[in-house]
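Here is work.pdb, consisting of PDB, N, CA and C atoms:
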ATOM      1  N   MET A   1       0.855  -1.195   0.000
ATOM      2  CA  MET A   1       0.000   0.000   0.000
ATOM      3  C   MET A   1       0.880   1.231   0.000
ATOM      4  N   SER A   2       0.458   2.178  -0.751
ATOM      5  CA  SER A   2       1.218   3.429  -0.795
ATOM      6  C   SER A   2       0.701   4.374   0.285
ATOM      7  N   ALA A   3       1.446   5.442   0.488
ATOM      8  CA  ALA A   3       1.060   6.437   1.506
ATOM      9  C   ALA A   3      -0.260   7.087   1.140
ATOM     10  N   HIS A   4      -0.480   7.280  -0.147
ATOM     11  CA  HIS A   4      -1.732   7.903  -0.601
ATOM     12  C   HIS A   4      -2.917   7.001  -0.255
ATOM     13  N   ALA A   5      -2.776   5.718  -0.443
ATOM     14  CA  ALA A   5      -3.853   4.775  -0.146
ATOM     15  C   ALA A   5      -4.132   4.712   1.352
ATOM     16  N   VAL A   6      -3.083   4.782   2.148
ATOM     17  CA  VAL A   6      -3.262   4.750   3.610
ATOM     18  C   VAL A   6      -3.990   6.010   4.075
ATOM     19  N   MET A   7      -3.605   7.157   3.563
ATOM     20  CA  MET A   7      -4.268   8.417   3.941
ATOM     21  C   MET A   7      -5.738   8.410   3.514
ATOM     22  N   HIS A   8      -6.019   7.868   2.338
ATOM     23  CA  HIS A   8      -7.399   7.798   1.865
ATOM     24  C   HIS A   8      -8.224   6.877   2.774
ATOM     25  N   ALA A   9      -7.632   5.765   3.202
ATOM     26  CA  ALA A   9      -8.327   4.832   4.089
ATOM     27  C   ALA A   9      -8.571   5.470   5.455
ATOM     28  N   LEU A  10      -7.617   6.259   5.947
ATOM     29  CA  LEU A  10      -7.795   6.930   7.242
ATOM     30  C   LEU A  10      -8.871   8.009   7.165
ATOM     31  N   ARG A  11      -8.939   8.704   6.035
ATOM     32  CA  ARG A  11      -9.971   9.749   5.883
ATOM     33  C   ARG A  11     -11.372   9.145   5.817
ATOM     34  N   LYS A  12     -11.494   7.969   5.277
ATOM     35  CA  LYS A  12     -12.805   7.335   5.152
ATOM     36  C   LYS A  12     -13.258   6.674   6.458
ATOM     37  N   ASN A  13     -12.343   6.387   7.356
ATOM     38  CA  ASN A  13     -12.663   5.732   8.611
ATOM     39  C   ASN A  13     -13.411   6.714   9.520
ATOM     40  N   LYS A  14     -14.672   6.423   9.811
ATOM     41  CA  LYS A  14     -15.503   7.348  10.599
ATOM     42  C   LYS A  14     -15.066   7.420  12.062
ATOM     43  N   THR A  15     -14.495   6.353  12.583
ATOM     44  CA  THR A  15     -14.029   6.383  13.969
ATOM     45  C   THR A  15     -12.906   7.387  14.128
ATOM     46  N   LEU A  16     -11.968   7.356  13.200
ATOM     47  CA  LEU A  16     -10.861   8.306  13.273
ATOM     48  C   LEU A  16     -11.319   9.720  12.939
ATOM     49  N   ARG A  17     -12.277   9.838  12.055
ATOM     50  CA  ARG A  17     -12.717  11.172  11.617
ATOM     51  C   ARG A  17     -13.577  11.875  12.667
ATOM     52  N   TYR A  18     -14.461  11.151  13.334
ATOM     53  CA  TYR A  18     -15.381  11.780  14.290
ATOM     54  C   TYR A  18     -15.138  11.353  15.741
ATOM     55  N   GLY A  19     -14.753  10.122  15.960
ATOM     56  CA  GLY A  19     -14.619   9.605  17.320
ATOM     57  C   GLY A  19     -13.403  10.132  18.054
ATOM     58  N   VAL A  20     -12.261  10.167  17.400
ATOM     59  CA  VAL A  20     -11.038  10.625  18.062
ATOM     60  C   VAL A  20     -11.128  12.111  18.437
ATOM     61  N   PRO A  21     -11.579  12.995  17.532
ATOM     62  CA  PRO A  21     -11.723  14.399  17.967
ATOM     63  C   PRO A  21     -12.704  14.576  19.128
ATOM     64  N   MET A  22     -13.762  13.757  19.157
ATOM     65  CA  MET A  22     -14.723  13.838  20.252
ATOM     66  C   MET A  22     -14.079  13.405  21.562
ATOM     67  N   LEU A  23     -13.308  12.342  21.542
ATOM     68  CA  LEU A  23     -12.628  11.889  22.755
ATOM     69  C   LEU A  23     -11.593  12.908  23.220
ATOM     70  N   VAL A  24     -10.876  13.501  22.278
ATOM     71  CA  VAL A  24      -9.897  14.525  22.639
ATOM     72  C   VAL A  24     -10.601  15.713  23.283
ATOM     73  N   LEU A  25     -11.756  16.102  22.750
ATOM     74  CA  LEU A  25     -12.524  17.213  23.320
ATOM     75  C   LEU A  25     -13.013  16.885  24.733
ATOM     76  N   ILE A  26     -13.492  15.697  24.947
ATOM     77  CA  ILE A  26     -14.003  15.315  26.264
ATOM     78  C   ILE A  26     -12.880  15.257  27.294
ATOM     79  N   VAL A  27     -11.780  14.600  26.945
ATOM     80  CA  VAL A  27     -10.673  14.476  27.889
ATOM     81  C   VAL A  27     -10.018  15.835  28.125
ATOM     82  N   GLY A  28      -9.814  16.605  27.060
ATOM     83  CA  GLY A  28      -9.225  17.947  27.211
ATOM     84  C   GLY A  28     -10.128  18.864  28.010
ATOM     85  N   GLY A  29     -11.442  18.771  27.791
ATOM     86  CA  GLY A  29     -12.385  19.580  28.557
ATOM     87  C   GLY A  29     -12.376  19.242  30.025
ATOM     88  N   SER A  30     -12.186  17.972  30.327
ATOM     89  CA  SER A  30     -12.109  17.549  31.720
ATOM     90  C   SER A  30     -10.914  18.186  32.418
ATOM     91  N   PHE A  31      -9.766  18.162  31.764
ATOM     92  CA  PHE A  31      -8.585  18.789  32.361
ATOM     93  C   PHE A  31      -8.755  20.305  32.463
ATOM     94  N   GLY A  32      -9.363  20.912  31.452
ATOM     95  CA  GLY A  32      -9.590  22.357  31.481
ATOM     96  C   GLY A  32     -10.523  22.763  32.598
ATOM     97  N   LEU A  33     -11.610  22.018  32.781
ATOM     98  CA  LEU A  33     -12.552  22.328  33.857
ATOM     99  C   LEU A  33     -11.923  22.142  35.228
ATOM    100  N   ARG A  34     -11.051  21.147  35.347
ATOM    101  CA  ARG A  34     -10.377  20.931  36.618
ATOM    102  C   ARG A  34      -9.509  22.139  36.977
ATOM    103  N   GLU A  35      -8.810  22.681  35.992
ATOM    104  CA  GLU A  35      -7.956  23.843  36.247
ATOM    105  C   GLU A  35      -8.796  25.072  36.623
ATOM    106  N   PHE A  36      -9.892  25.300  35.909
ATOM    107  CA  PHE A  36     -10.722  26.469  36.202
ATOM    108  C   PHE A  36     -11.428  26.349  37.554
ATOM    109  N   SER A  37     -11.861  25.138  37.916
ATOM    110  CA  SER A  37     -12.506  24.986  39.216
ATOM    111  C   SER A  37     -11.484  25.098  40.346
ATOM    112  N   GLN A  38     -10.245  24.741  40.098
ATOM    113  CA  GLN A  38      -9.202  24.861  41.114
ATOM    114  C   GLN A  38      -8.937  26.334  41.440
ATOM    115  N   ILE A  39      -9.099  27.207  40.475
ATOM    116  CA  ILE A  39      -8.913  28.648  40.710
ATOM    117  C   ILE A  39      -9.889  29.138  41.769
ATOM    118  N   ARG A  40     -11.120  28.646  41.711
ATOM    119  CA  ARG A  40     -12.134  29.060  42.685
ATOM    120  C   ARG A  40     -11.732  28.662  44.101
ATOM    121  N   TYR A  41     -11.232  27.444  44.269
ATOM    122  CA  TYR A  41     -10.842  26.984  45.605
ATOM    123  C   TYR A  41      -9.573  27.668  46.090
ATOM    124  N   ASP A  42      -8.672  27.978  45.183
ATOM    125  CA  ASP A  42      -7.456  28.696  45.565
ATOM    126  C   ASP A  42      -7.775  30.114  46.015
ATOM    127  N   ALA A  43      -8.768  30.742  45.397
ATOM    128  CA  ALA A  43      -9.134  32.106  45.771
ATOM    129  C   ALA A  43      -9.716  32.161  47.180
ATOM    130  N   VAL A  44     -10.396  31.110  47.605
ATOM    131  CA  VAL A  44     -10.971  31.076  48.953
ATOM    132  C   VAL A  44      -9.864  30.987  50.001
ATOM    133  N   LYS A  45      -8.767  30.302  49.686
ATOM    134  CA  LYS A  45      -7.682  30.096  50.631
ATOM    135  C   LYS A  45      -6.814  31.328  50.833
ATOM    136  N   ILE A  46      -6.887  32.301  49.931
ATOM    137  CA  ILE A  46      -6.046  33.492  50.033
ATOM    138  C   ILE A  46      -6.467  34.303  51.252
ATOM    139  N   LYS A  47      -5.506  34.670  52.069
ATOM    140  CA  LYS A  47      -5.777  35.453  53.279
ATOM    141  C   LYS A  47      -5.814  36.933  52.948
ATOM    142  N   ILE A  48      -6.758  37.632  53.580
ATOM    143  CA  ILE A  48      -6.898  39.076  53.425
ATOM    144  C   ILE A  48      -6.018  39.754  54.465
ATOM    145  N   ASP A  49      -5.530  40.921  54.120
ATOM    146  CA  ASP A  49      -4.724  41.707  55.042
ATOM    147  C   ASP A  49      -5.528  41.937  56.327
ATOM    148  N   PRO A  50      -4.966  41.704  57.516
ATOM    149  CA  PRO A  50      -5.724  41.839  58.768
ATOM    150  C   PRO A  50      -6.313  43.238  58.972
ATOM    151  N   GLU A  51      -5.583  44.259  58.532
ATOM    152  CA  GLU A  51      -6.090  45.622  58.692
ATOM    153  C   GLU A  51      -7.333  45.841  57.822
ATOM    154  N   LEU A  52      -7.283  45.336  56.608
ATOM    155  CA  LEU A  52      -8.431  45.456  55.710
ATOM    156  C   LEU A  52      -9.605  44.635  56.222
ATOM    157  N   GLU A  53      -9.321  43.486  56.796
ATOM    158  CA  GLU A  53     -10.383  42.640  57.341
ATOM    159  C   GLU A  53     -11.095  43.323  58.504
ATOM    160  N   LYS A  54     -10.340  43.985  59.383
ATOM    161  CA  LYS A  54     -10.953  44.732  60.491
ATOM    162  C   LYS A  54     -11.832  45.852  59.966
ATOM    163  N   LYS A  55     -11.344  46.534  58.935
ATOM    164  CA  LYS A  55     -12.100  47.648  58.347
ATOM    165  C   LYS A  55     -13.418  47.147  57.739
ATOM    166  N   LEU A  56     -13.366  46.003  57.074
ATOM    167  CA  LEU A  56     -14.575  45.442  56.478
ATOM    168  C   LEU A  56     -15.572  44.999  57.539
ATOM    169  N   LYS A  57     -15.082  44.452  58.645
ATOM    170  CA  LYS A  57     -15.981  44.017  59.711
ATOM    171  C   LYS A  57     -16.630  45.199  60.421
ATOM    172  N   MET A  58     -15.905  46.325  60.514
ATOM    173  CA  MET A  58     -16.458  47.508  61.167
ATOM    174  C   MET A  58     -17.568  48.139  60.324
ATOM    175  N   ASN A  59     -17.460  48.094  59.020
ATOM    176  CA  ASN A  59     -18.428  48.719  58.132
ATOM    177  C   ASN A  59     -19.513  47.745  57.700
ATOM    178  N   LYS A  60     -19.910  46.876  58.592
ATOM    179  CA  LYS A  60     -20.938  45.894  58.289
ATOM    180  C   LYS A  60     -22.286  46.602  58.142
ATOM    181  N   VAL A  61     -22.926  46.444  56.998
ATOM    182  CA  VAL A  61     -24.237  47.036  56.751
ATOM    183  C   VAL A  61     -25.221  45.896  56.572
ATOM    184  N   SER A  62     -26.303  45.941  57.325
ATOM    185  CA  SER A  62     -27.305  44.888  57.206
ATOM    186  C   SER A  62     -28.615  45.502  56.719
ATOM    187  N   LEU A  63     -29.484  44.653  56.308
ATOM    188  CA  LEU A  63     -30.793  45.085  55.839
ATOM    189  C   LEU A  63     -31.581  45.732  56.974
ATOM    190  N   GLU A  64     -31.443  45.201  58.165
ATOM    191  CA  GLU A  64     -32.167  45.739  59.315
ATOM    192  C   GLU A  64     -31.678  47.147  59.664
ATOM    193  N   SER A  65     -30.351  47.371  59.582
ATOM    194  CA  SER A  65     -29.836  48.703  59.906
ATOM    195  C   SER A  65     -30.276  49.733  58.869
ATOM    196  N   GLU A  66     -30.332  49.346  57.615
ATOM    197  CA  GLU A  66     -30.808  50.273  56.588
ATOM    198  C   GLU A  66     -32.300  50.542  56.752
ATOM    199  N   TYR A  67     -33.065  49.526  57.169
ATOM    200  CA  TYR A  67     -34.484  49.724  57.406
ATOM    201  C   TYR A  67     -34.711  50.694  58.553
ATOM    202  N   GLU A  68     -33.929  50.585  59.595
ATOM    203  CA  GLU A  68     -34.066  51.493  60.739
ATOM    204  C   GLU A  68     -33.801  52.944  60.324
ATOM    205  N   LYS A  69     -32.903  53.138  59.378
ATOM    206  CA  LYS A  69     -32.605  54.504  58.915
ATOM    207  C   LYS A  69     -33.792  55.129  58.195
ATOM    208  N   ILE A  70     -34.513  54.351  57.388
ATOM    209  CA  ILE A  70     -35.582  54.934  56.579
ATOM    210  C   ILE A  70     -36.978  54.627  57.099
ATOM    211  N   LYS A  71     -37.072  53.994  58.260
ATOM    212  CA  LYS A  71     -38.372  53.581  58.806
ATOM    213  C   LYS A  71     -39.301  54.769  59.025
ATOM    214  N   ASP A  72     -38.787  55.851  59.568
ATOM    215  CA  ASP A  72     -39.631  56.989  59.900
ATOM    216  C   ASP A  72     -39.719  58.024  58.776
ATOM    217  N   SER A  73     -39.126  57.758  57.652
ATOM    218  CA  SER A  73     -39.144  58.714  56.542
ATOM    219  C   SER A  73     -40.504  58.707  55.860
ATOM    220  N   THR A  74     -40.885  59.843  55.380
ATOM    221  CA  THR A  74     -42.099  59.934  54.578
ATOM    222  C   THR A  74     -41.689  60.172  53.140
ATOM    223  N   PHE A  75     -42.394  59.549  52.263
ATOM    224  CA  PHE A  75     -42.063  59.653  50.853
ATOM    225  C   PHE A  75     -43.118  60.449  50.092
ATOM    226  N   ASP A  76     -43.759  61.413  50.781
ATOM    227  CA  ASP A  76     -44.753  62.238  50.116
ATOM    228  C   ASP A  76     -44.111  63.190  49.110
ATOM    229  N   ASP A  77     -42.887  63.616  49.382
ATOM    230  CA  ASP A  77     -42.227  64.556  48.487
ATOM    231  C   ASP A  77     -41.318  63.843  47.476
ATOM    232  N   TRP A  78     -41.492  62.542  47.317
ATOM    233  CA  TRP A  78     -40.671  61.758  46.409
ATOM    234  C   TRP A  78     -41.049  62.075  44.976
ATOM    235  N   LYS A  79     -40.060  62.173  44.106
ATOM    236  CA  LYS A  79     -40.307  62.479  42.704
ATOM    237  C   LYS A  79     -39.605  61.432  41.845
ATOM    238  N   ASN A  80     -40.331  60.860  40.899
ATOM    239  CA  ASN A  80     -39.763  59.867  39.999
ATOM    240  C   ASN A  80     -39.048  60.584  38.858
ATOM    241  N   ILE A  81     -37.747  60.396  38.770
ATOM    242  CA  ILE A  81     -36.964  61.041  37.720
ATOM    243  C   ILE A  81     -36.439  59.958  36.791
ATOM    244  N   ARG A  82     -36.809  60.057  35.553
ATOM    245  CA  ARG A  82     -36.408  59.075  34.554
ATOM    246  C   ARG A  82     -34.953  59.285  34.170
ATOM    247  N   GLY A  83     -34.238  58.186  33.958
ATOM    248  CA  GLY A  83     -32.846  58.257  33.513
ATOM    249  C   GLY A  83     -32.784  58.631  32.037
ATOM    250  N   PRO A  84     -31.664  59.159  31.608
ATOM    251  CA  PRO A  84     -31.559  59.599  30.214
ATOM    252  C   PRO A  84     -31.437  58.423  29.252
ATOM    253  N   ARG A  85     -31.967  58.631  28.061
ATOM    254  CA  ARG A  85     -31.767  57.670  26.983
ATOM    255  C   ARG A  85     -30.413  57.961  26.354
ATOM    256  N   PRO A  86     -29.867  57.027  25.598
ATOM    257  CA  PRO A  86     -28.510  57.230  25.070
ATOM    258  C   PRO A  86     -28.358  58.492  24.227
ATOM    259  N   TRP A  87     -29.408  58.931  23.554
ATOM    260  CA  TRP A  87     -29.291  60.102  22.693
ATOM    261  C   TRP A  87     -29.640  61.402  23.415
ATOM    262  N   GLU A  88     -30.012  61.323  24.682
ATOM    263  CA  GLU A  88     -30.390  62.514  25.428
ATOM    264  C   GLU A  88     -29.252  62.974  26.336
ATOM    265  N   ASP A  89     -29.266  64.256  26.643
ATOM    266  CA  ASP A  89     -28.263  64.841  27.524
ATOM    267  C   ASP A  89     -28.708  64.622  28.977
ATOM    268  N   PRO A  90     -27.902  63.955  29.818
ATOM    269  CA  PRO A  90     -28.327  63.680  31.197
ATOM    270  C   PRO A  90     -28.493  64.950  32.031
ATOM    271  N   ASP A  91     -27.708  65.994  31.770
ATOM    272  CA  ASP A  91     -27.837  67.233  32.526
ATOM    273  C   ASP A  91     -29.148  67.924  32.218
ATOM    274  N   LEU A  92     -29.636  67.747  31.018
ATOM    275  CA  LEU A  92     -30.884  68.379  30.612
ATOM    276  C   LEU A  92     -32.085  67.741  31.314
ATOM    277  N   LEU A  93     -32.033  66.437  31.559
ATOM    278  CA  LEU A  93     -33.178  65.723  32.134
ATOM    279  C   LEU A  93     -33.347  65.939  33.633
ATOM    280  N   GLN A  94     -32.289  66.039  34.371
ATOM    281  CA  GLN A  94     -32.376  66.052  35.818
ATOM    282  C   GLN A  94     -32.943  67.366  36.340
ATOM    283  N   GLY A  95     -34.191  67.314  36.771
ATOM    284  CA  GLY A  95     -34.818  68.456  37.410
ATOM    285  C   GLY A  95     -35.232  69.570  36.470
ATOM    286  N   ARG A  96     -35.423  69.284  35.205
ATOM    287  CA  ARG A  96     -35.836  70.323  34.261
ATOM    288  C   ARG A  96     -37.346  70.291  34.047
ATOM    289  N   ASN A  97     -37.838  71.376  33.521
ATOM    290  CA  ASN A  97     -39.248  71.511  33.192
ATOM    291  C   ASN A  97     -39.560  70.643  31.967
ATOM    292  N   PRO A  98     -40.675  69.877  31.956
ATOM    293  CA  PRO A  98     -40.981  69.008  30.819
ATOM    294  C   PRO A  98     -41.161  69.762  29.506
ATOM    295  N   GLU A  99     -41.712  71.002  29.563
ATOM    296  CA  GLU A  99     -41.889  71.749  28.311
ATOM    297  C   GLU A  99     -40.544  72.119  27.698
ATOM    298  N   ILE A 100     -39.592  72.475  28.542
ATOM    299  CA  ILE A 100     -38.263  72.808  28.040
ATOM    300  C   ILE A 100     -37.635  71.565  27.431
ATOM    301  N   LEU A 101     -37.869  70.428  28.061
ATOM    302  CA  LEU A 101     -37.320  69.178  27.567
ATOM    303  C   LEU A 101     -37.911  68.829  26.203
ATOM    304  N   LYS A 102     -39.234  69.031  26.054
ATOM    305  CA  LYS A 102     -39.876  68.705  24.776
ATOM    306  C   LYS A 102     -39.341  69.583  23.655
ATOM    307  N   THR A 103     -39.157  70.866  23.936
ATOM    308  CA  THR A 103     -38.657  71.750  22.870
ATOM    309  C   THR A 103     -37.205  71.437  22.541
ATOM    310  N   LYS A 104     -36.416  71.055  23.532
ATOM    311  CA  LYS A 104     -35.016  70.742  23.276
ATOM    312  C   LYS A 104     -34.884  69.453  22.444
ATOM    313  N   THR A 105     -35.717  68.437  22.737
ATOM    314  CA  THR A 105     -35.590  67.174  22.021
ATOM    315  C   THR A 105     -36.156  67.290  20.605
ATOM    316  N   LYS A 106     -37.139  68.147  20.381
ATOM    317  CA  LYS A 106     -37.692  68.317  19.046
ATOM    318  C   LYS A 106     -36.724  69.052  18.132
ATOM    319  N   THR A 107     -35.960  69.973  18.672
ATOM    320  CA  THR A 107     -35.046  70.750  17.827
ATOM    321  C   THR A 107     -33.784  69.957  17.492
ATOM    322  N   THR A 108     -33.434  68.984  18.302
ATOM    323  CA  THR A 108     -32.208  68.241  18.020
ATOM    324  C   THR A 108     -32.439  67.029  17.179
TER     325      THR A 108
END
Give the structure from the file, written as structure tokens.
Amino acid sequence: MSAHAVMHALRKNKTLRYGVPMLVLIVGGSFGLREFSQIRYDAVKIKIDPELEKKLKMNKVSLESEYEKIKDSTFDDWKNIRGPRPWEDPDLLQGRNPEILKTKTKTT
């Protein structure tokens, strides 16, 4: 058999054409996932600077503490302000008169 005949026979073999790449993908993916999942566990083991850790513990904010801050607030004077669209100027929208806004958006 010549080299050309062997290559033609290998190309026609469906196991070599589809099965081997699939096995390589599965085994390679397994090793890749193992490496990426190991990063997660390594990040947990990293120690934080003690000074930074104390600072984070002191600034503990809980849902209950935030509720206590706004419990007695009244929202009668609350105003819904819409955020700007990508083509609008954000400075123009915040606290402006709607008629001024309509004339500005129509002219641009």
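Our summary of the geometry notes that atom C of Leu16 (chain A) is positioned 29.7 Å from atom C of Phe36 (chain A).
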Taking the DSSP secondary structure from the backbone, can you list the residues of region 21-99 of chain A that are helix (DSSP H, G or I), as a ChimeraX atom specification? /A:21-45,50-58,63-70,90-93,98-99
The distance between atom N of Asp42 (chain A) and atom C of Met58 (chain A) is 26.7 Å
Atom-to-atom span, CA of Val20 (chain A) and CA of His8 (chain A), Å: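 Taking CA of Val20 (chain A) and CA of His8 (chain A), their separation equals 16.8 Å.
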Would you mind writing region 37-56 of chain A with N, CA, C and O atoms, as a compact mmCIF listing (two decimals), in the coordinates of the input?
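Here's the written file rebuild.txt:
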# COMPACT_ATOMS: atom_id res chain seq x y z
N SER A 37 -11.86 25.14 37.92
CA SER A 37 -12.51 24.99 39.22
C SER A 37 -11.48 25.10 40.35
O SER A 37 -11.82 25.54 41.45
N GLN A 38 -10.24 24.74 40.10
CA GLN A 38 -9.20 24.86 41.11
C GLN A 38 -8.94 26.33 41.44
O GLN A 38 -8.63 26.66 42.58
N ILE A 39 -9.10 27.21 40.48
CA ILE A 39 -8.91 28.65 40.71
C ILE A 39 -9.89 29.14 41.77
O ILE A 39 -9.55 29.92 42.64
N ARG A 40 -11.12 28.65 41.71
CA ARG A 40 -12.13 29.06 42.68
C ARG A 40 -11.73 28.66 44.10
O ARG A 40 -11.85 29.44 45.04
N TYR A 41 -11.23 27.44 44.27
CA TYR A 41 -10.84 26.98 45.60
C TYR A 41 -9.57 27.67 46.09
O TYR A 41 -9.42 27.90 47.28
N ASP A 42 -8.67 27.98 45.18
CA ASP A 42 -7.46 28.70 45.56
C ASP A 42 -7.78 30.11 46.02
O ASP A 42 -7.12 30.65 46.91
N ALA A 43 -8.77 30.74 45.40
CA ALA A 43 -9.13 32.11 45.77
C ALA A 43 -9.72 32.16 47.18
O ALA A 43 -9.54 33.15 47.89
N VAL A 44 -10.40 31.11 47.60
CA VAL A 44 -10.97 31.08 48.95
C VAL A 44 -9.86 30.99 50.00
O VAL A 44 -9.97 31.55 51.09
N LYS A 45 -8.77 30.30 49.69
CA LYS A 45 -7.68 30.10 50.63
C LYS A 45 -6.81 31.33 50.83
O LYS A 45 -6.07 31.40 51.80
N ILE A 46 -6.89 32.30 49.93
CA ILE A 46 -6.05 33.49 50.03
C ILE A 46 -6.47 34.30 51.25
O ILE A 46 -7.64 34.59 51.46
N LYS A 47 -5.51 34.67 52.07
CA LYS A 47 -5.78 35.45 53.28
C LYS A 47 -5.81 36.93 52.95
O LYS A 47 -5.00 37.44 52.18
N ILE A 48 -6.76 37.63 53.58
CA ILE A 48 -6.90 39.08 53.42
C ILE A 48 -6.02 39.75 54.46
O ILE A 48 -5.82 39.23 55.57
N ASP A 49 -5.53 40.92 54.12
CA ASP A 49 -4.72 41.71 55.04
C ASP A 49 -5.53 41.94 56.33
O ASP A 49 -6.70 42.33 56.26
N PRO A 50 -4.97 41.70 57.52
CA PRO A 50 -5.72 41.84 58.77
C PRO A 50 -6.31 43.24 58.97
O PRO A 50 -7.42 43.38 59.49
N GLU A 51 -5.58 44.26 58.53
CA GLU A 51 -6.09 45.62 58.69
C GLU A 51 -7.33 45.84 57.82
O GLU A 51 -8.32 46.43 58.26
N LEU A 52 -7.28 45.34 56.61
CA LEU A 52 -8.43 45.46 55.71
C LEU A 52 -9.60 44.64 56.22
O LEU A 52 -10.76 45.06 56.14
N GLU A 53 -9.32 43.49 56.80
CA GLU A 53 -10.38 42.64 57.34
C GLU A 53 -11.10 43.32 58.50
O GLU A 53 -12.32 43.28 58.61
N LYS A 54 -10.34 43.98 59.38
CA LYS A 54 -10.95 44.73 60.49
C LYS A 54 -11.83 45.85 59.97
O LYS A 54 -12.92 46.09 60.48
N LYS A 55 -11.34 46.53 58.94
CA LYS A 55 -12.10 47.65 58.35
C LYS A 55 -13.42 47.15 57.74
O LYS A 55 -14.46 47.78 57.88
N LEU A 56 -13.37 46.00 57.07
CA LEU A 56 -14.58 45.44 56.48
C LEU A 56 -15.57 45.00 57.54
O LEU A 56 -16.78 45.15 57.36
